[in-house]
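Participant: This is the structure I want to talk about, given as structure tokens.
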Amino acid sequence: MFSDELTKIVSTTTSKIKRRLAWLPRSVPATAWVNLASNCASYALRRGRAGKLPSMVKIDVSPLCALACPTCLHADPAGRNRPLLDAQNFSSLDRIDIAKFAEIIEELKGRALAVSLSYYGDPLMHPAISELSRIAANTGVAVHITTHFSYNWSDAKIQALVESGLSHLTVALDGATQDVYEVTRINGRVDFVINNLRRVIEIRNRLGRSIPKVEVQHIRHPHHDKTERERVRAIADDAGVDHFITFKGVRYDRDGDLYNVVDSDAGGARSGTALKSSALPRCHWPFSSTVIKVTGDVIPCCMWREGQQYIDNGDTRSLGNVFDQPLSEIWNSPSYQALRKEVSNPSRHGKIGSFCEGCSYLYESTPRVGEFNEHGELVEAWTAQ
């Protein structure tokens, strides 16, 4: 039993590592290796205290997005009977200050391996995205960006991004033609995406650069026919991308509406019985990674309580703010250490009011469509009872 569980963990982890190789810096300082080893040891030994800083950091440089994908916080709430979706509040000023960003990066220097410049927005909405990437890359960390890439950009802007030191660019391409693509990428233009994809690779190759590594991410949705994946893959291959990944997207709910991320917003009321201890902690996030929002608030995960993060007086359950105190203090604060104990043994250390309360990785629950169950499996369709 133990060996089967460990084998599954090793296999899954290996697969993820292979995909994330482009996230690793070309040259990793000894201090970053030491920090990583300390975080890994804390994970394996279920320690409350981890290394000096997280090894991977998501920085929400801008939560803005020009698209209105129906599964996202940016979806049009009209007629969808989702009060929490109606309550989402974004401002055109929601862009991280460059000087504050530089301060965050300076603290991570020599400790973190990589930063990803997004959370629930498209990072290319920040007008200084190439400068932000350059600031981070110049400290030696790898820099990752995920984007819908539906922009009418000039060659000069794309070249600036290529020359910024960006390590890994993930481009979402959920359809090969506009009629298929626009079902879930509302307001997007697939011709812009494909043109930008080709140009970023052409410019990278013309400049003789090995980075950014370019990845096409294809999410398979219910409206796709069985050949759509291969059509998208052909576009990616023709452009010369380095990686192509695909996975199933969320399905429709009982009313025939496409799932939205706020549907998973749980709160303590949905918490079932806390799960027992497993071979390793049930989640690696509190030991390895963190999320810094555009406001400076620190949250321990990008896949839970998303619906609360951008509403007025939302139940964000932030663990601190990097604009008020160093990330290193937050990372090993009593609250963070308590979360590490909770994910290590929810049945013993589960805490009402914690950020992780109710998460199906840690607590028994009846997951809704689009949620992950306690086995990490996506619930893709309603089934008759």
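Identifiers in the structure tokens: chain A, B, ... in order shown; residue index from 1 per chain; ligand index from 1 in order shown.
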Taking 6 positions as the minimum chain separation for residues in the same chain, which residues sit within 12 Å of A:Pro83 when counting only C-alpha atoms? Answer as a list in words.

Facilitator: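 Once the adjacent positions are removed, what remains is Leu73, Asp76, Pro77, Asn260, Val262, Asp263, Asp265, Gly307, Gln308 and Ile311 of chain A.
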
Participant: Would you list the contacts of stretch 320-331 of chain A as an mmCIF file with N, CA, C and O atoms, in the first residue's frame, taking every protein, DNA or RNA residue within 7 Å and counting only C-alpha atoms, but skipping same-chain residues closer than 5 positions in sequence?

Facilitator:
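Result went into out.cif, see below:
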data_model
loop_
_atom_site.group_PDB
_atom_site.id
_atom_site.type_symbol
_atom_site.label_atom_id
_atom_site.label_comp_id
_atom_site.auth_asym_id
_atom_site.auth_seq_id
_atom_site.Cartn_x
_atom_site.Cartn_y
_atom_site.Cartn_z
ATOM 1 N N LYS A 52 14.320 29.252 4.004
ATOM 2 C CA LYS A 52 14.219 30.693 4.237
ATOM 3 C C LYS A 52 13.115 31.346 3.419
ATOM 4 O O LYS A 52 12.475 32.300 3.854
ATOM 5 N N LEU A 53 12.886 30.808 2.206
ATOM 6 C CA LEU A 53 11.889 31.391 1.304
ATOM 7 C C LEU A 53 11.312 30.288 0.422
ATOM 8 O O LEU A 53 11.917 29.218 0.274
ATOM 9 N N GLY A 296 -0.074 42.828 -2.647
ATOM 10 C CA GLY A 296 0.984 42.453 -1.721
ATOM 11 C C GLY A 296 0.582 41.344 -0.774
ATOM 12 O O GLY A 296 1.430 40.763 -0.077
ATOM 13 N N ASP A 297 -0.726 41.030 -0.724
ATOM 14 C CA ASP A 297 -1.182 39.951 0.146
ATOM 15 C C ASP A 297 -0.600 38.615 -0.294
ATOM 16 O O ASP A 297 -0.484 38.336 -1.499
ATOM 17 N N VAL A 298 -0.260 37.793 0.684
ATOM 18 C CA VAL A 298 0.306 36.474 0.426
ATOM 19 C C VAL A 298 -0.739 35.413 0.752
ATOM 20 O O VAL A 298 -1.306 35.396 1.845
ATOM 21 N N TYR A 336 1.736 30.140 8.742
ATOM 22 C CA TYR A 336 2.239 29.273 7.668
ATOM 23 C C TYR A 336 2.656 27.916 8.225
ATOM 24 O O TYR A 336 2.390 26.862 7.630
#

Participant: Which one is closest to A:Lys248: A:Val193, A:Lys276, A:Cys301, A:Asp174? Count only C-alpha atoms.

Facilitator: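 Distance minimum relative to A:Lys248 lands on A:Asp174.
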
Participant: Write out as a ChimeraX atom specification all residues of stretch 218-349 of chain A that DSSP puts in helix (DSSP H, G or I) for this structure's backbone.

Facilitator: /A:228-239,261-264,268-270,285-288,306-308,327-331,334-344,346-349

Participant: Quick one: write out the picked residues with N, CA and C atoms as a CSV table (one decimal), in the first residue's frame?

Facilitator:
chain,number,residue,atom,x,y,z
A,228,GLU,N,-10.2,18.0,-32.9
A,228,GLU,CA,-9.8,19.4,-32.5
A,228,GLU,C,-8.4,19.4,-32.0
A,229,ARG,N,-8.1,18.5,-31.1
A,229,ARG,CA,-6.7,18.5,-30.5
A,229,ARG,C,-5.6,18.3,-31.5
A,230,GLU,N,-5.9,17.5,-32.5
A,230,GLU,CA,-4.8,17.3,-33.5
A,230,GLU,C,-4.7,18.5,-34.4
A,231,ARG,N,-5.8,19.2,-34.7
A,231,ARG,CA,-5.7,20.4,-35.5
A,231,ARG,C,-4.9,21.5,-34.7
A,232,VAL,N,-5.1,21.6,-33.4
A,232,VAL,CA,-4.4,22.6,-32.6
A,232,VAL,C,-2.9,22.1,-32.6
A,233,ARG,N,-2.7,20.9,-32.4
A,233,ARG,CA,-1.3,20.4,-32.4
A,233,ARG,C,-0.6,20.7,-33.7
A,234,ALA,N,-1.2,20.5,-34.8
A,234,ALA,CA,-0.6,20.8,-36.1
A,234,ALA,C,-0.2,22.3,-36.2
A,235,ILE,N,-1.0,23.2,-35.6
A,235,ILE,CA,-0.7,24.6,-35.6
A,235,ILE,C,0.6,24.8,-34.8
A,236,ALA,N,0.6,24.2,-33.6
A,236,ALA,CA,1.8,24.3,-32.7
A,236,ALA,C,3.0,23.7,-33.4
A,237,ASP,N,2.9,22.6,-34.0
A,237,ASP,CA,4.1,22.0,-34.7
A,237,ASP,C,4.6,22.9,-35.8
A,238,ASP,N,3.6,23.4,-36.6
A,238,ASP,CA,4.0,24.3,-37.7
A,238,ASP,C,4.7,25.5,-37.2
A,239,ALA,N,4.3,26.0,-36.0
A,239,ALA,CA,5.0,27.2,-35.5
A,239,ALA,C,6.4,26.9,-34.9
A,261,VAL,N,-15.2,29.2,-11.9
A,261,VAL,CA,-14.3,28.9,-10.8
A,261,VAL,C,-15.0,29.3,-9.5
A,262,VAL,N,-15.9,30.2,-9.5
A,262,VAL,CA,-16.6,30.6,-8.2
A,262,VAL,C,-17.5,29.4,-7.7
A,263,ASP,N,-17.8,28.5,-8.6
A,263,ASP,CA,-18.6,27.4,-8.1
A,263,ASP,C,-17.9,26.5,-7.1
A,264,SER,N,-16.6,26.6,-7.1
A,264,SER,CA,-15.8,25.8,-6.1
A,264,SER,C,-15.6,26.5,-4.8
A,268,GLY,N,-16.0,27.2,5.1
A,268,GLY,CA,-15.9,26.1,6.1
A,268,GLY,C,-17.2,25.3,6.1
A,269,ALA,N,-18.3,25.8,5.7
A,269,ALA,CA,-19.6,25.1,5.7
A,269,ALA,C,-19.5,23.8,4.9
A,270,ARG,N,-18.7,23.7,3.9
A,270,ARG,CA,-18.6,22.6,3.0
A,270,ARG,C,-17.6,21.5,3.5
A,285,TRP,N,2.2,22.6,-1.7
A,285,TRP,CA,2.3,24.1,-1.8
A,285,TRP,C,2.8,24.8,-0.6
A,286,PRO,N,2.4,24.5,0.6
A,286,PRO,CA,2.9,25.3,1.8
A,286,PRO,C,4.4,25.0,2.0
A,287,PHE,N,5.0,24.0,1.4
A,287,PHE,CA,6.4,23.8,1.6
A,287,PHE,C,7.2,24.3,0.4
A,288,SER,N,6.6,24.5,-0.7
A,288,SER,CA,7.4,24.8,-1.9
A,288,SER,C,7.1,26.2,-2.5
A,306,GLU,N,-10.3,31.1,-4.8
A,306,GLU,CA,-10.1,32.1,-5.8
A,306,GLU,C,-11.2,33.1,-5.9
A,307,GLY,N,-12.4,32.6,-5.7
A,307,GLY,CA,-13.6,33.5,-5.8
A,307,GLY,C,-13.6,34.6,-4.7
A,308,GLN,N,-12.8,34.5,-3.7
A,308,GLN,CA,-12.8,35.5,-2.6
A,308,GLN,C,-11.7,36.6,-2.8
A,327,LEU,N,8.9,38.8,3.0
A,327,LEU,CA,8.3,37.5,2.7
A,327,LEU,C,8.9,36.4,3.6
A,328,SER,N,10.1,36.5,3.9
A,328,SER,CA,10.8,35.5,4.7
A,328,SER,C,10.1,35.4,6.1
A,329,GLU,N,9.6,36.5,6.6
A,329,GLU,CA,8.9,36.4,7.9
A,329,GLU,C,7.5,35.8,7.8
A,330,ILE,N,6.9,36.1,6.7
A,330,ILE,CA,5.6,35.5,6.4
A,330,ILE,C,5.7,34.0,6.2
A,331,TRP,N,6.7,33.6,5.4
A,331,TRP,CA,6.9,32.2,5.0
A,331,TRP,C,7.1,31.2,6.2
A,334,PRO,N,3.9,31.8,12.3
A,334,PRO,CA,3.1,30.7,13.0
A,334,PRO,C,1.9,30.3,12.1
A,335,SER,N,1.3,31.2,11.3
A,335,SER,CA,0.2,30.8,10.5
A,335,SER,C,0.6,29.9,9.4
A,336,TYR,N,1.7,30.1,8.7
A,336,TYR,CA,2.2,29.3,7.7
A,336,TYR,C,2.7,27.9,8.2
A,337,GLN,N,3.3,27.9,9.4
A,337,GLN,CA,3.7,26.7,10.0
A,337,GLN,C,2.5,25.8,10.3
A,338,ALA,N,1.4,26.5,10.8
A,338,ALA,CA,0.2,25.7,11.1
A,338,ALA,C,-0.4,25.1,9.8
A,339,LEU,N,-0.3,25.8,8.7
A,339,LEU,CA,-0.8,25.2,7.4
A,339,LEU,C,0.0,23.9,7.1
A,340,ARG,N,1.3,24.0,7.3
A,340,ARG,CA,2.1,22.8,7.0
A,340,ARG,C,1.7,21.6,7.8
A,341,LYS,N,1.4,21.9,9.1
A,341,LYS,CA,0.9,20.8,9.9
A,341,LYS,C,-0.4,20.3,9.4
A,342,GLU,N,-1.3,21.2,9.0
A,342,GLU,CA,-2.6,20.8,8.5
A,342,GLU,C,-2.6,19.9,7.3
A,343,VAL,N,-1.7,20.3,6.3
A,343,VAL,CA,-1.7,19.4,5.1
A,343,VAL,C,-0.9,18.1,5.4
A,344,SER,N,-0.1,18.1,6.4
A,344,SER,CA,0.6,16.9,6.8
A,344,SER,C,-0.3,15.9,7.5
A,346,PRO,N,-4.4,16.3,8.2
A,346,PRO,CA,-5.6,17.1,8.4
A,346,PRO,C,-6.4,16.7,9.6
A,347,SER,N,-6.5,15.4,9.8
A,347,SER,CA,-7.4,14.9,10.9
A,347,SER,C,-6.9,15.3,12.3
A,348,ARG,N,-5.6,15.6,12.4
A,348,ARG,CA,-5.1,16.0,13.7
A,348,ARG,C,-4.9,17.5,13.8
A,349,HIS,N,-4.5,18.1,12.7
A,349,HIS,CA,-4.2,19.5,12.8
A,349,HIS,C,-5.1,20.4,12.0

Participant: Any idea what's packed within 9 Å of stretch 95-99 of chain A, counting only C-alpha atoms, ignoring anything in its chain fewer than 3 positions away? Could you give it as a ChimeraX atom specification?

Facilitator: /A:60-64,91-92,102-104,125-128,131-132,293-296

Participant: Measuring between only C-alpha atoms, which one of A:Pro29, A:Gly48, A:Gly208, A:Pro54 shows the shortest distance to A:Ile292?

Facilitator: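 Going through A:Pro29, A:Gly48, A:Gly208, A:Pro54 one by one, the smallest distance to A:Ile292 is for A:Pro54.
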
Participant: Determine the nearest neighbour of A:Gly165 from the options A:Pro123, A:Val190, A:Val28, A:Arg209, counting only C-alpha atoms.

Facilitator: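 Among A:Pro123, A:Val190, A:Val28, A:Arg209, it is A:Arg209 that comes nearest to A:Gly165.
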
Participant: Of the candidates A:Arg220, A:His243, A:His284, A:Lys213, which one gets nearest to A:Asn39 if we count only C-alpha atoms?

Facilitator: A:His284

Participant: Between atom CA of A:Leu166 and atom CA of A:Gly249, what is the spacing in Å?

Facilitator: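 Result for atom CA of A:Gly249 versus atom CA of A:Leu166: 27.1 Å, one decimal.
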
Participant: Using only C-alpha atoms, which residues sit within 9 Å of A:Cys69 once same-chain residues fewer than 3 positions away are excluded, as a PyMOL selection string?

Facilitator: chain A and resi 72-76+182-187

Participant: Can you spit out the residues from that selection as a PDB file, in the first residue's frame, using N, CA and C atoms?

Facilitator:
ATOM      1  N   CYS A  72     -13.856  31.616 -15.909  1.00  0.00           N
ATOM      2  CA  CYS A  72     -12.914  32.464 -15.168  1.00  0.00           C
ATOM      3  C   CYS A  72     -13.635  33.498 -14.302  1.00  0.00           C
ATOM      4  N   LEU A  73     -12.873  34.114 -13.419  1.00  0.00           N
ATOM      5  CA  LEU A  73     -13.382  35.219 -12.611  1.00  0.00           C
ATOM      6  C   LEU A  73     -13.770  36.412 -13.472  1.00  0.00           C
ATOM      7  N   HIS A  74     -13.234  36.490 -14.694  1.00  0.00           N
ATOM      8  CA  HIS A  74     -13.517  37.610 -15.594  1.00  0.00           C
ATOM      9  C   HIS A  74     -14.734  37.361 -16.479  1.00  0.00           C
ATOM     10  N   ALA A  75     -15.428  36.247 -16.257  1.00  0.00           N
ATOM     11  CA  ALA A  75     -16.603  35.931 -17.059  1.00  0.00           C
ATOM     12  C   ALA A  75     -17.694  36.988 -16.883  1.00  0.00           C
ATOM     13  N   ASP A  76     -18.492  37.186 -17.915  1.00  0.00           N
ATOM     14  CA  ASP A  76     -19.660  38.065 -17.822  1.00  0.00           C
ATOM     15  C   ASP A  76     -20.671  37.390 -16.895  1.00  0.00           C
ATOM     16  N   GLU A 182     -13.661  30.805 -29.866  1.00  0.00           N
ATOM     17  CA  GLU A 182     -14.378  31.878 -29.175  1.00  0.00           C
ATOM     18  C   GLU A 182     -15.486  31.389 -28.259  1.00  0.00           C
ATOM     19  N   VAL A 183     -15.803  30.106 -28.274  1.00  0.00           N
ATOM     20  CA  VAL A 183     -16.815  29.587 -27.361  1.00  0.00           C
ATOM     21  C   VAL A 183     -16.362  29.749 -25.917  1.00  0.00           C
ATOM     22  N   THR A 184     -15.078  29.471 -25.660  1.00  0.00           N
ATOM     23  CA  THR A 184     -14.561  29.604 -24.295  1.00  0.00           C
ATOM     24  C   THR A 184     -13.565  30.752 -24.145  1.00  0.00           C
ATOM     25  N   ARG A 185     -13.005  31.239 -25.222  1.00  0.00           N
ATOM     26  CA  ARG A 185     -12.105  32.400 -25.159  1.00  0.00           C
ATOM     27  C   ARG A 185     -12.852  33.617 -25.698  1.00  0.00           C
ATOM     28  N   ILE A 186     -13.845  34.035 -24.934  1.00  0.00           N
ATOM     29  CA  ILE A 186     -14.726  35.112 -25.377  1.00  0.00           C
ATOM     30  C   ILE A 186     -13.952  36.429 -25.471  1.00  0.00           C
ATOM     31  N   ASN A 187     -14.132  37.128 -26.590  1.00  0.00           N
ATOM     32  CA  ASN A 187     -13.449  38.379 -26.962  1.00  0.00           C
ATOM     33  C   ASN A 187     -12.054  38.137 -27.527  1.00  0.00           C
TER      34      ASN A 187
END

Participant: When DSSP is applied to the backbone of this structure, which of stretch 129-366 of chain A are assigned strand (DSSP E or B)? Write them out as a ChimeraX atom specification.

Facilitator: /A:142-147,168-172,213-220,243-248,252,258,274,289-292,297-299,311,321,363

Participant: Selected residues, N, CA and C atoms, written as an mmCIF file, in the first residue's frame, please.

Facilitator:
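Produced file selection29.cif, reproduced below:
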data_model
loop_
_atom_site.group_PDB
_atom_site.id
_atom_site.type_symbol
_atom_site.label_atom_id
_atom_site.label_comp_id
_atom_site.auth_asym_id
_atom_site.auth_seq_id
_atom_site.Cartn_x
_atom_site.Cartn_y
_atom_site.Cartn_z
ATOM 1 N N ALA A 142 14.445 31.948 -12.921
ATOM 2 C CA ALA A 142 13.726 31.686 -14.158
ATOM 3 C C ALA A 142 12.380 32.404 -14.099
ATOM 4 N N VAL A 143 11.895 32.835 -15.253
ATOM 5 C CA VAL A 143 10.666 33.626 -15.309
ATOM 6 C C VAL A 143 9.668 32.947 -16.241
ATOM 7 N N HIS A 144 8.473 32.714 -15.737
ATOM 8 C CA HIS A 144 7.423 32.053 -16.506
ATOM 9 C C HIS A 144 6.216 32.970 -16.667
ATOM 10 N N ILE A 145 5.588 32.892 -17.842
ATOM 11 C CA ILE A 145 4.366 33.643 -18.124
ATOM 12 C C ILE A 145 3.372 32.717 -18.816
ATOM 13 N N THR A 146 2.123 32.768 -18.382
ATOM 14 C CA THR A 146 1.021 32.129 -19.093
ATOM 15 C C THR A 146 0.128 33.224 -19.656
ATOM 16 N N THR A 147 -0.230 33.122 -20.931
ATOM 17 C CA THR A 147 -1.025 34.170 -21.569
ATOM 18 C C THR A 147 -1.991 33.580 -22.587
ATOM 19 N N HIS A 168 10.163 30.833 -19.945
ATOM 20 C CA HIS A 168 9.134 29.887 -20.368
ATOM 21 C C HIS A 168 7.845 30.640 -20.639
ATOM 22 N N LEU A 169 7.305 30.473 -21.851
ATOM 23 C CA LEU A 169 6.070 31.143 -22.252
ATOM 24 C C LEU A 169 5.020 30.085 -22.574
ATOM 25 N N THR A 170 3.933 30.073 -21.807
ATOM 26 C CA THR A 170 2.822 29.163 -22.066
ATOM 27 C C THR A 170 1.702 29.935 -22.743
ATOM 28 N N VAL A 171 1.281 29.457 -23.909
ATOM 29 C CA VAL A 171 0.241 30.119 -24.695
ATOM 30 C C VAL A 171 -0.988 29.222 -24.748
ATOM 31 N N ALA A 172 -2.124 29.751 -24.313
ATOM 32 C CA ALA A 172 -3.378 28.996 -24.328
ATOM 33 C C ALA A 172 -3.992 29.044 -25.725
ATOM 34 N N LYS A 213 11.494 29.181 -23.866
ATOM 35 C CA LYS A 213 10.887 27.966 -24.356
ATOM 36 C C LYS A 213 9.393 28.254 -24.495
ATOM 37 N N VAL A 214 8.815 27.823 -25.590
ATOM 38 C CA VAL A 214 7.416 28.147 -25.873
ATOM 39 C C VAL A 214 6.569 26.884 -25.821
ATOM 40 N N GLU A 215 5.492 26.981 -25.065
ATOM 41 C CA GLU A 215 4.606 25.848 -24.847
ATOM 42 C C GLU A 215 3.185 26.231 -25.244
ATOM 43 N N VAL A 216 2.536 25.382 -26.012
ATOM 44 C CA VAL A 216 1.117 25.559 -26.300
ATOM 45 C C VAL A 216 0.333 24.670 -25.355
ATOM 46 N N GLN A 217 -0.635 25.276 -24.678
ATOM 47 C CA GLN A 217 -1.507 24.563 -23.752
ATOM 48 C C GLN A 217 -2.907 24.500 -24.355
ATOM 49 N N HIS A 218 -3.356 23.301 -24.641
ATOM 50 C CA HIS A 218 -4.679 23.119 -25.251
ATOM 51 C C HIS A 218 -5.615 22.465 -24.248
ATOM 52 N N ILE A 219 -6.659 23.192 -23.868
ATOM 53 C CA ILE A 219 -7.664 22.652 -22.963
ATOM 54 C C ILE A 219 -8.823 22.121 -23.800
ATOM 55 N N ARG A 220 -9.132 20.857 -23.626
ATOM 56 C CA ARG A 220 -10.195 20.213 -24.397
ATOM 57 C C ARG A 220 -11.534 20.444 -23.704
ATOM 58 N N HIS A 243 6.994 22.723 -26.637
ATOM 59 C CA HIS A 243 6.185 21.783 -25.870
ATOM 60 C C HIS A 243 4.725 21.939 -26.261
ATOM 61 N N PHE A 244 3.992 20.841 -26.213
ATOM 62 C CA PHE A 244 2.548 20.860 -26.419
ATOM 63 C C PHE A 244 1.920 20.030 -25.305
ATOM 64 N N ILE A 245 1.014 20.631 -24.545
ATOM 65 C CA ILE A 245 0.340 19.895 -23.486
ATOM 66 C C ILE A 245 -1.159 20.033 -23.677
ATOM 67 N N THR A 246 -1.882 19.035 -23.264
ATOM 68 C CA THR A 246 -3.328 19.067 -23.400
ATOM 69 C C THR A 246 -3.959 18.356 -22.213
ATOM 70 N N PHE A 247 -5.091 18.862 -21.783
ATOM 71 C CA PHE A 247 -5.826 18.205 -20.715
ATOM 72 C C PHE A 247 -7.303 18.565 -20.838
ATOM 73 N N LYS A 248 -8.123 17.788 -20.177
ATOM 74 C CA LYS A 248 -9.561 18.000 -20.259
ATOM 75 C C LYS A 248 -9.971 19.229 -19.469
ATOM 76 N N TYR A 252 -20.084 20.951 -18.390
ATOM 77 C CA TYR A 252 -21.251 21.757 -18.076
ATOM 78 C C TYR A 252 -21.880 21.313 -16.757
ATOM 79 N N LEU A 258 -21.591 26.281 -18.460
ATOM 80 C CA LEU A 258 -20.206 25.892 -18.237
ATOM 81 C C LEU A 258 -19.784 26.310 -16.832
ATOM 82 N N ALA A 274 -12.054 15.560 8.119
ATOM 83 C CA ALA A 274 -10.657 15.741 7.726
ATOM 84 C C ALA A 274 -10.040 14.386 7.413
ATOM 85 N N SER A 289 5.894 26.625 -2.484
ATOM 86 C CA SER A 289 5.486 27.748 -3.325
ATOM 87 C C SER A 289 4.549 28.685 -2.578
ATOM 88 N N THR A 290 4.379 29.873 -3.155
ATOM 89 C CA THR A 290 3.419 30.816 -2.586
ATOM 90 C C THR A 290 2.904 31.732 -3.681
ATOM 91 N N VAL A 291 1.856 32.480 -3.363
ATOM 92 C CA VAL A 291 1.261 33.445 -4.288
ATOM 93 C C VAL A 291 1.291 34.821 -3.651
ATOM 94 N N ILE A 292 1.798 35.799 -4.395
ATOM 95 C CA ILE A 292 1.783 37.192 -3.947
ATOM 96 C C ILE A 292 0.831 37.957 -4.858
ATOM 97 N N ASP A 297 -0.726 41.030 -0.724
ATOM 98 C CA ASP A 297 -1.182 39.951 0.146
ATOM 99 C C ASP A 297 -0.600 38.615 -0.294
ATOM 100 N N VAL A 298 -0.260 37.793 0.684
ATOM 101 C CA VAL A 298 0.306 36.474 0.426
ATOM 102 C C VAL A 298 -0.739 35.413 0.752
ATOM 103 N N ILE A 299 -1.015 34.549 -0.221
ATOM 104 C CA ILE A 299 -1.893 33.402 -0.003
ATOM 105 C C ILE A 299 -1.118 32.147 -0.388
ATOM 106 N N ILE A 311 -12.943 40.367 -4.451
ATOM 107 C CA ILE A 311 -14.197 41.022 -4.101
ATOM 108 C C ILE A 311 -13.953 41.902 -2.876
ATOM 109 N N ASN A 321 1.362 40.477 4.259
ATOM 110 C CA ASN A 321 1.503 41.362 3.103
ATOM 111 C C ASN A 321 2.970 41.745 2.946
ATOM 112 N N TYR A 363 -9.953 17.370 2.946
ATOM 113 C CA TYR A 363 -11.213 17.081 3.626
ATOM 114 C C TYR A 363 -12.158 16.325 2.698
#

Participant: Return the single residue from A:Leu45, A:Leu93, A:Ala176, A:Cys302 that is closest to A:Val57, with distances computed using only C-alpha atoms.

Facilitator: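 Counting only C-alpha atoms, the residue closest to A:Val57 is A:Cys302.
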
Participant: How many Å separate atom CA of A:Ala32 from atom CA of A:Ile105?

Facilitator: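 Taking atom CA of A:Ala32 as the start and atom CA of A:Ile105 as the end point, the length is 13.6 Å.
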
Participant: Could you name the residues that touch A:Ser133 at 6 Å or less, counting only C-alpha atoms, but leaving out those on the same chain fewer than 3 positions away, as a PyMOL selection string?

Facilitator: chain A and resi 130+136+164+166

Participant: Taking into account only C-alpha atoms, which residue in the set A:Ser150, A:Leu207, A:Asp225, A:Lys109 is nearest to A:Ile135?

Facilitator: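 Closest to A:Ile135 of all the choices is A:Lys109.
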
Participant: For stretch 196-200 of chain A, work out the shell of residues within 7 Å, counting only C-alpha atoms and skipping chain neighbours fewer than 6 positions away, then give it as a ChimeraX atom specification.

Facilitator: /A:149,158,162,239
